[in-house]
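Structure first, commentary second.
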Amino acid sequence: MNSHSRPLQEGERIVALDMMRGLALLGILIANSLLFQYGLFVISDIHQLYPFGFIDRITEGFIIVFAQASFYTLFSFLFGYGMAFLKERLEQRNLRFGVIYFRRTAILLIVGYLHGLFIWDGDILFVYALTAFILFFFLKLKERGLLIWSFLLLFLMALTIATPEEDPTTSLDDQFLQYSIEEKEILMSGSYSEVVNFRLHSDPLGLGLIGDIIINATAMVSVLGMFLLGAFVARKKWLLDVASHRRLFLRIWWITLLIGFPCKIAYLFIDNYAYEMLHTTVGGPLVAMFYASSIALLAANERGRTFLKPLTYVGRLSLTNYLVQSIVFTTLFYGYGLGLFSNIGVFTGTVLVLLFFAVQLIASKWWLRNFYIGPFEWFWRWGTYLYIPKLQRRRE
């Protein structure tokens with residue numbers, strides 16, 4: 001490998017970004033706990049969501065307000081930041097960014113497809129990779145162009161709030177219900193091969209290939225908006241010197257707090273399509289930026305860095321930990337594993353998530369004491385740079 005094309009080294013990492021990745025992984029796991037337990041659409045009529053009554057409902061409300069729609073968006077923001085940062089580093093060394101970028105993205109696409117088919121159909125990596133192919137061309141824009149396109153795409157998603165809720169949506173609800181009934185049966189009692197076969201042939205929207213295209217295209221629009229916002233912030237280099245931009249971060253913190261959370265909380269009390277879209281397309285991104293600005297501000301002082309440091313261990317192994325979460329929780333809940341699907345309730349599922357994340361914190365710290373990078377990160381780096389990177393640390 002050309003020495004100039006080396007990947008990011010430990011001392012060059014931006015600690016606040018690793019903290020954000022760690023927090024995003026916790027939030028993603030909390031939000032996904034409902035999907036692992038109850039399937040992709042979480043229809044309460046066919047599942048036991050509330051065996052403990054009020055405490056389950058309070059926990060569900062907590063997940064909706066603090067986790068749903070915000071941590072995938074935060075992860076998307078961080079992905080865009082990382083890709084813009086990679087572009088700058090490679091171009092400073094006069095290297096061909098496109099070759100490395102497309103190799104890196106192609107690997108993610110394949111892994112995302114395999115993850116979605118053979119481990120869990122709630123995968124996000126496949127959509128990230130598809131969107132990253134488009135992101136490549138947007139990265140040629142100047143800072144202002146990145147910001148304008150980011151706001152345009154996020155605004156386009158927010159326009160769904162104004163979409164009139166018509167009677168035909170009931171047929172879609174019926175389709176989701178029928179799909180979820182079939183999904184519940186197969187996930188509760190099906191063998192591993194039957195579950196994979198169901199994923200391969202299932203049709204949530206009832207529209208065949210067109211339905212798959214609609215699902216992926218819709219996800220790509222919102223993901224691309226956050227990718228571009230992350231790329232814009234990377235170009236501005238605000239996270240390299242938070243102290244100098246403290247007033248900006250405080251302004252972002254207050255705006256996202258005062259607008260983002262009310263947009264999400266409203267959905268708890270008014271359960272209709274418009275408020276669901278307000279929660280997802282406006283509240284989700286704003287609360288994601290609340291979390292990002294919170295960590296940036298906390299990481300700017302020593303006490304905050306000490307408090308948040310455990311998140312860096314998980315964040316540095318973000319993709320490995322994301323894949324491990326899917327493997328462990330599908331095994332816990334699906335019939336070919338421990339068979340807890342639709343059995344333990346929202347509160348117990350959340351407690352299980354928090355306990356497992358604590359294990360991931362400890363395991364990640366141990367791993368980084370003995371190894372430079374995670375197993376998947378090692379594989380991804382190998383495929384991206386076409387050399388075998390160092391993995392195990394040498395003991396003195």
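To be explicit about the labels: the chains of the structure tokens are called A, B, and onward in the order shown, and within each one the residues are counted from 1, while ligands get numbers from 1 in the order they are shown.
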Neighbouring residues of Trp378 (chain A) were defined as those with any atom within 9 Å, considering only C-alpha atoms; residues of the same chain fewer than 3 positions away were excluded. Please report them as a tab-separated table (two decimals) with N, CA, C and O atoms, in the first residue's frame.
chain	number	residue	atom	x	y	z
A	372	TYR	N	-6.38	-2.97	17.31
A	372	TYR	CA	-6.45	-1.60	16.83
A	372	TYR	C	-7.85	-1.22	16.35
A	372	TYR	O	-8.31	-0.10	16.60
A	373	ILE	N	-8.51	-2.13	15.67
A	373	ILE	CA	-9.83	-1.85	15.09
A	373	ILE	C	-10.71	-3.08	15.23
A	373	ILE	O	-10.24	-4.18	15.56
A	374	GLY	N	-12.01	-2.90	14.98
A	374	GLY	CA	-12.95	-4.02	15.07
A	374	GLY	C	-12.83	-4.98	13.91
A	374	GLY	O	-12.25	-4.65	12.87
A	375	PRO	N	-13.40	-6.18	14.03
A	375	PRO	CA	-13.31	-7.19	12.97
A	375	PRO	C	-13.89	-6.72	11.64
A	375	PRO	O	-13.27	-6.89	10.59
A	381	ARG	N	-11.57	-2.04	5.88
A	381	ARG	CA	-10.33	-1.32	5.58
A	381	ARG	C	-9.48	-2.12	4.59
A	381	ARG	O	-8.88	-1.58	3.67
A	382	TRP	N	-9.42	-3.43	4.78
A	382	TRP	CA	-8.66	-4.32	3.88
A	382	TRP	C	-9.22	-4.21	2.46
A	382	TRP	O	-8.46	-4.04	1.50
A	383	GLY	N	-10.55	-4.31	2.33
A	383	GLY	CA	-11.15	-4.23	1.01
A	383	GLY	C	-11.04	-2.86	0.38
A	383	GLY	O	-10.95	-2.73	-0.85
A	388	ILE	N	-3.43	-5.58	3.98
A	388	ILE	CA	-3.85	-6.20	5.24
A	388	ILE	C	-3.44	-5.29	6.39
A	388	ILE	O	-2.25	-5.15	6.69
A	389	PRO	N	-4.40	-4.64	7.05
A	389	PRO	CA	-4.06	-3.69	8.12
A	389	PRO	C	-3.67	-4.44	9.40
A	389	PRO	O	-4.02	-5.60	9.60
A	390	LYS	N	-2.97	-3.72	10.26
A	390	LYS	CA	-2.64	-4.29	11.56
A	390	LYS	C	-3.92	-4.47	12.37
A	390	LYS	O	-4.80	-3.63	12.36
A	391	LEU	N	-3.98	-5.58	13.08
A	391	LEU	CA	-5.16	-5.83	13.90
A	391	LEU	C	-4.77	-5.92	15.39
A	391	LEU	O	-5.24	-5.14	16.20
Write out as a list in words the residues lying within 12 Å of Asn370 (chain A), counting only C-alpha atoms and excluding same-chain residues fewer than 5 positions away.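 Once the nearby chain positions are removed, what remains is Ala363, Ser364, Lys365, Lys390, Leu391, Gln392, Arg393, Arg394, Arg395 and Glu396 of chain A.
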Atomic separation - CA of Leu361 (chain A) relative to CA of Val223 (chain A), Å: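 The value is 27.1 Å.
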Please, which residues in region 58-138 of chain A fall within 7 Å of region 192-215 of chain A when counting only C-alpha atoms, and what is the closest atom pair and distance in Å to one decimal for each, ordered by chain then residue number, as JSON lines?
{"residue": "A:Leu117", "atom": "CA", "partner": "A:Val196", "partner_atom": "CA", "distance": 6.2}
{"residue": "A:Phe118", "atom": "CA", "partner": "A:Val196", "partner_atom": "CA", "distance": 5.9}
{"residue": "A:Asp121", "atom": "CA", "partner": "A:Arg199", "partner_atom": "CA", "distance": 6.9}
Contacts of Gly335 (chain A) within 10 Å, only C-alpha atoms, excl. fewer than 4 positions in-chain, as a VMD selection string: chain A and resid 185 to 192 195 330 to 331 339 to 341
For Val242 (chain A), the nearest of the candidates A:Leu114, A:Leu159, A:Ile14, A:Glu276, counting only C-alpha atoms: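 When distances to Val242 (chain A) are compared using only C-alpha atoms, the smallest one comes from A:Ile14.
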Non-local contacts of region 81-95 of chain A (6 Å; only C-alpha atoms; under 6 positions in same chain excluded) as number ranges by chain: A: 230-231, 234
Please list as a count of residues only every residue within 10 Å of Val353 (chain A), counting only C-alpha atoms and excluding residues in the same chain fewer than 4 positions away. 15
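Residues in contact range of Gly225 (chain A), defined as at most 6 Å between only C-alpha atoms, with sequence neighbours fewer than 4 positions away removed, read Ser150, Leu153 and Leu154 of chain A.
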Taking only region 311-393 of chain A into account, list the residues labelled alpha helix (DSSP H) by DSSP (computed from the backbone), as a VMD selection string. chain A and resid 311 to 316 318 to 333 345 to 370 375 to 385
Coordinates-based distance that separates CA of Ile161 (chain A) from CA of Gly61 (chain A) (Å, one decimal): 20.8 Å
With a distance cut-off of 12 Å and only C-alpha atoms, select the neighbouring residues of Ile344 (chain A), excluding the residue or stretch itself and same-chain residues fewer than 4 positions from it, and output the selection as a list in words.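 In the requested form, the answer reads Ser33, Leu34, Phe36, Gln37, Tyr38, His47, Gln48, Leu49, Tyr50, Pro51, Phe52, Gly53, Asp56, Leu332, Phe333, Leu338, Gly339, Leu340, Thr348, Gly349, Thr350, Val351 and Leu352 of chain A.
Among the candidate residues A:Lys264, A:His245, A:Arg369, A:Arg104, the one lying nearest to Leu278 (chain A) is A:Lys264, with distances computed using only C-alpha atoms.
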Using only C-alpha atoms: which of A:Ile43, A:Ala296, A:Met277, A:Val324 has the shortest distance to Leu156 (chain A): A:Met277
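Using only C-alpha atoms, the shortest contact distance between Leu319 (chain A) and any of A:Gly112, A:Gly345, A:Gly98, A:Gly39 is found at A:Gly112.
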When you draw a straight line from CA of Tyr336 (chain A) to CA of Asn216 (chain A), how long is it in Å? 28.2 Å
Pick from A:Phe97, A:Phe41, A:Tyr275, A:Tyr334, whichever lies nearest to Cys263 (chain A) using only C-alpha atoms: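 For Cys263 (chain A), the nearest of the candidates is A:Tyr275.
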